[in-house]
$ cat start_22.csv   # CSV, C-alpha atoms and all ligand atoms
chain,number,residue,atom,x,y,z
A,207,MET,CA,58.9,31.2,95.4
A,208,THR,CA,59.4,34.7,97.0
A,209,VAL,CA,61.9,37.3,95.8
A,210,PHE,CA,63.8,36.8,99.1
A,211,LYS,CA,64.1,33.1,98.6
A,212,LYS,CA,65.6,33.8,95.2
A,213,ILE,CA,68.1,36.2,96.8
A,214,ILE,CA,69.0,33.4,99.3
A,215,ASN,CA,69.5,31.0,96.3
A,216,ARG,CA,71.5,33.6,94.4
A,217,GLU,CA,69.0,33.5,91.6
A,218,LEU,CA,68.5,37.2,92.1
A,219,PRO,CA,71.2,39.8,92.8
A,220,ALA,CA,71.3,41.7,96.0
A,221,LYS,CA,73.8,43.9,97.9
A,222,ILE,CA,74.5,41.4,100.7
A,223,VAL,CA,76.0,42.9,103.8
A,224,TYR,CA,76.0,39.9,106.2
A,225,GLU,CA,75.4,36.1,105.9
A,226,ASP,CA,75.7,33.1,108.2
A,227,ASP,CA,74.1,29.7,108.4
A,228,LYS,CA,70.8,31.0,109.7
A,229,CYS,CA,70.3,34.4,108.0
A,230,LEU,CA,71.0,36.9,105.3
A,231,ALA,CA,71.1,40.7,105.4
A,232,PHE,CA,71.0,42.9,102.3
A,233,GLU,CA,70.3,46.4,101.2
A,234,ASP,CA,66.7,47.3,100.5
A,235,ILE,CA,66.2,48.0,96.8
A,236,ASN,CA,64.0,51.0,97.6
A,237,PRO,CA,65.6,52.6,100.7
A,238,VAL,CA,63.6,54.9,102.9
A,239,ALA,CA,66.6,56.2,104.8
A,240,PRO,CA,70.4,56.3,104.3
A,241,THR,CA,70.6,52.9,105.9
A,242,HIS,CA,67.9,50.4,105.0
A,243,ILE,CA,68.8,46.8,105.4
A,244,LEU,CA,66.6,43.7,105.4
A,245,VAL,CA,67.5,40.9,107.7
A,246,ILE,CA,65.9,37.6,106.9
A,247,PRO,CA,66.0,34.0,108.1
A,248,LYS,CA,67.1,31.4,105.5
A,249,LYS,CA,64.2,29.3,106.8
A,250,GLU,CA,61.1,30.1,104.8
A,251,ILE,CA,58.7,31.6,107.3
A,252,PRO,CA,56.1,33.7,105.6
A,253,LYS,CA,55.3,36.0,108.5
A,254,LEU,CA,55.7,36.5,112.2
A,255,SER,CA,52.3,35.0,112.9
A,256,ASP,CA,53.6,31.7,111.4
A,257,ILE,CA,56.5,31.2,113.8
A,258,GLU,CA,56.6,28.2,116.0
A,259,GLU,CA,58.1,27.8,119.5
A,260,SER,CA,61.2,26.2,117.9
A,261,ASP,CA,61.8,29.4,116.0
A,262,LYS,CA,62.3,31.5,119.2
A,263,GLU,CA,66.1,31.2,119.1
A,264,LEU,CA,66.2,32.1,115.4
A,265,LEU,CA,64.2,35.3,116.0
A,266,GLY,CA,66.6,36.3,118.8
A,267,HIS,CA,69.5,35.6,116.4
A,268,LEU,CA,68.0,37.9,113.8
A,269,LEU,CA,67.8,40.7,116.4
A,270,TRP,CA,71.4,40.0,117.5
A,271,VAL,CA,72.6,40.4,113.9
A,272,ILE,CA,70.6,43.7,113.5
A,273,LYS,CA,72.4,45.0,116.6
A,274,LYS,CA,75.8,44.0,115.2
A,275,ILE,CA,75.2,45.6,111.8
A,276,ALA,CA,73.9,48.8,113.4
A,277,LYS,CA,77.0,49.0,115.6
A,278,GLU,CA,79.3,48.4,112.7
A,279,ARG,CA,77.7,51.3,110.9
A,280,GLY,CA,77.9,53.6,113.9
A,281,LEU,CA,74.2,53.9,114.2
A,282,GLU,CA,73.2,55.0,117.7
A,283,GLY,CA,69.5,55.4,117.1
A,284,TYR,CA,67.6,53.5,114.5
A,285,ARG,CA,64.3,51.8,113.8
A,286,VAL,CA,63.7,48.1,113.5
A,287,CYS,CA,60.4,47.3,111.7
A,288,LEU,CA,58.6,44.1,111.2
A,289,ASN,CA,55.5,44.3,109.1
A,290,VAL,CA,53.0,41.5,109.6
A,291,GLY,CA,50.4,40.6,107.0
A,292,LYS,CA,48.8,42.7,104.4
A,293,GLU,CA,47.1,45.0,106.9
A,294,GLY,CA,50.4,45.4,108.7
A,295,GLY,CA,52.0,46.6,105.5
A,296,GLN,CA,53.8,43.4,104.5
A,297,HIS,CA,54.4,42.9,100.8
A,298,ILE,CA,56.8,40.1,100.6
A,299,PHE,CA,55.8,37.0,102.5
A,300,HIS,CA,59.2,35.8,103.7
A,301,LEU,CA,59.7,37.1,107.3
A,302,HIS,CA,62.0,40.1,107.4
A,303,PHE,CA,63.2,42.8,109.7
A,304,HIS,CA,63.8,46.3,108.3
A,305,LEU,CA,66.8,48.0,109.9
A,306,ILE,CA,66.4,51.7,109.1
A,307,GLY,CA,68.7,54.5,110.2
A,308,GLY,CA,70.7,57.6,109.4
A,309,ARG,CA,67.8,60.1,109.8
A,310,PRO,CA,65.4,61.1,112.5
A,311,PHE,CA,62.1,59.2,112.9
A,312,GLU,CA,58.7,60.2,114.1
A,313,TRP,CA,56.0,58.4,116.0
A,314,PRO,CA,53.4,57.2,115.2
A,315,PRO,CA,54.6,55.7,111.9
A,316,GLY,CA,52.4,56.0,108.8
B,1,LIG,P1,57.5,44.7,103.4
B,1,LIG,O1,56.6,45.8,102.8
B,1,LIG,O2,57.7,44.8,104.9
B,1,LIG,O3,57.1,43.3,102.9
B,1,LIG,O4,58.9,45.1,102.8
B,1,LIG,C1,59.4,44.6,101.6
B,1,LIG,C2,60.7,45.3,101.3
B,1,LIG,O5,61.4,44.6,100.3
B,1,LIG,C3,60.4,46.7,100.7
B,1,LIG,O6,61.1,47.7,101.5
B,1,LIG,C4,61.0,46.6,99.3
B,1,LIG,O7,61.7,47.8,98.9
B,1,LIG,C5,62.0,45.5,99.5
B,1,LIG,N1,62.4,44.7,98.2
B,1,LIG,C6,61.5,44.2,97.3
B,1,LIG,N2,62.2,43.6,96.4
B,1,LIG,C7,63.5,43.6,96.7
B,1,LIG,C8,64.7,43.1,96.2
B,1,LIG,N3,64.7,42.4,95.0
B,1,LIG,N4,65.9,43.4,96.8
B,1,LIG,C9,65.9,44.1,97.9
B,1,LIG,N5,64.8,44.6,98.5
B,1,LIG,C10,63.6,44.4,97.9

$ encode --input "start_22.csv" --output "structure tokens"
Amino acid sequence: MTVFKKIINRELPAKIVYEDDKCLAFEDINPVAPTHILVIPKKEIPKLSDIEESDKELLGHLLWVIKKIAKERGLEGYRVCLNVGKEGGQHIFHLHFHLIGGRPFEWPPG
């Protein structure tokens, strides 16, 4: 079981900032910016490349939740990051968006 599934199950503590029937958002344990929130589906999808057509609405919902959290926090500019697979920098294989804000960002990312 992944760390994130344990957070969903409340077997591991997390600073939860938003929850509904489809998703959970919580503070990243190792923030890279003043705001660093992870938004995850409750459904266990390891990575973006595993989604099915029936997950399209769920993915849109996650982005909607990200927008709402960013607005609540007064973030005007921010970065939304989705790492896919080991080569894409993914370490935890439960699909998650990073919402990162509160400092300037550069491009290209590292
Ligand atoms: P990724 O490299 O895209 O898979 O991102 C995984 C993220 O999960 C990293 O930013 C970690 O700091 C974060 N993380 C790992 N364990 C926990 C945890 N128990 N609670 C909150 N965030 C975590």

$ residues_near_ligand --input "start_22.csv" --ligand "ligand LIG 1 (chain B)" --cutoff "12 Å" --atoms "all atoms listed in the file" --output "short mmCIF file (atom, residue, chain, number, x, y, z; two decimals) with C-alpha atoms, in the coordinates of the input"
data_model
loop_
_atom_site.label_atom_id
_atom_site.label_comp_id
_atom_site.auth_asym_id
_atom_site.auth_seq_id
_atom_site.Cartn_x
_atom_site.Cartn_y
_atom_site.Cartn_z
CA THR A 208 59.40 34.70 97.00
CA VAL A 209 61.90 37.30 95.80
CA PHE A 210 63.80 36.80 99.10
CA LYS A 211 64.10 33.10 98.60
CA LYS A 212 65.60 33.80 95.20
CA ILE A 213 68.10 36.20 96.80
CA ILE A 214 69.00 33.40 99.30
CA ARG A 216 71.50 33.60 94.40
CA GLU A 217 69.00 33.50 91.60
CA LEU A 218 68.50 37.20 92.10
CA PRO A 219 71.20 39.80 92.80
CA ALA A 220 71.30 41.70 96.00
CA LYS A 221 73.80 43.90 97.90
CA ILE A 222 74.50 41.40 100.70
CA VAL A 223 76.00 42.90 103.80
CA LEU A 230 71.00 36.90 105.30
CA ALA A 231 71.10 40.70 105.40
CA PHE A 232 71.00 42.90 102.30
CA GLU A 233 70.30 46.40 101.20
CA ASP A 234 66.70 47.30 100.50
CA ILE A 235 66.20 48.00 96.80
CA ASN A 236 64.00 51.00 97.60
CA PRO A 237 65.60 52.60 100.70
CA VAL A 238 63.60 54.90 102.90
CA ALA A 239 66.60 56.20 104.80
CA THR A 241 70.60 52.90 105.90
CA HIS A 242 67.90 50.40 105.00
CA ILE A 243 68.80 46.80 105.40
CA LEU A 244 66.60 43.70 105.40
CA VAL A 245 67.50 40.90 107.70
CA ILE A 246 65.90 37.60 106.90
CA PRO A 252 56.10 33.70 105.60
CA LYS A 253 55.30 36.00 108.50
CA LEU A 254 55.70 36.50 112.20
CA VAL A 286 63.70 48.10 113.50
CA CYS A 287 60.40 47.30 111.70
CA LEU A 288 58.60 44.10 111.20
CA ASN A 289 55.50 44.30 109.10
CA VAL A 290 53.00 41.50 109.60
CA GLY A 291 50.40 40.60 107.00
CA LYS A 292 48.80 42.70 104.40
CA GLU A 293 47.10 45.00 106.90
CA GLY A 294 50.40 45.40 108.70
CA GLY A 295 52.00 46.60 105.50
CA GLN A 296 53.80 43.40 104.50
CA HIS A 297 54.40 42.90 100.80
CA ILE A 298 56.80 40.10 100.60
CA PHE A 299 55.80 37.00 102.50
CA HIS A 300 59.20 35.80 103.70
CA LEU A 301 59.70 37.10 107.30
CA HIS A 302 62.00 40.10 107.40
CA PHE A 303 63.20 42.80 109.70
CA HIS A 304 63.80 46.30 108.30
CA LEU A 305 66.80 48.00 109.90
CA ILE A 306 66.40 51.70 109.10
#

$ atom_distance --input "start_22.csv" --atom1 "CA of Leu268 in chain A" --atom2 "CA of Ile251 in chain A"
13.0 Å

$ atom_distance --input "start_22.csv" --atom1 "CA of Val271 in chain A" --atom2 "CA of Asp227 in chain A"
12.1 Å

$ atom_distance --input "start_22.csv" --atom1 "CA of Met207 in chain A" --atom2 "CA of Lys248 in chain A"
13.0 Å

$ closest_residue --input "start_22.csv" --among "A:Lys262, A:Lys228, A:Lys277, A:Arg309" --to "Pro240 in chain A" --atoms "all atoms listed in the file"
A:Arg309
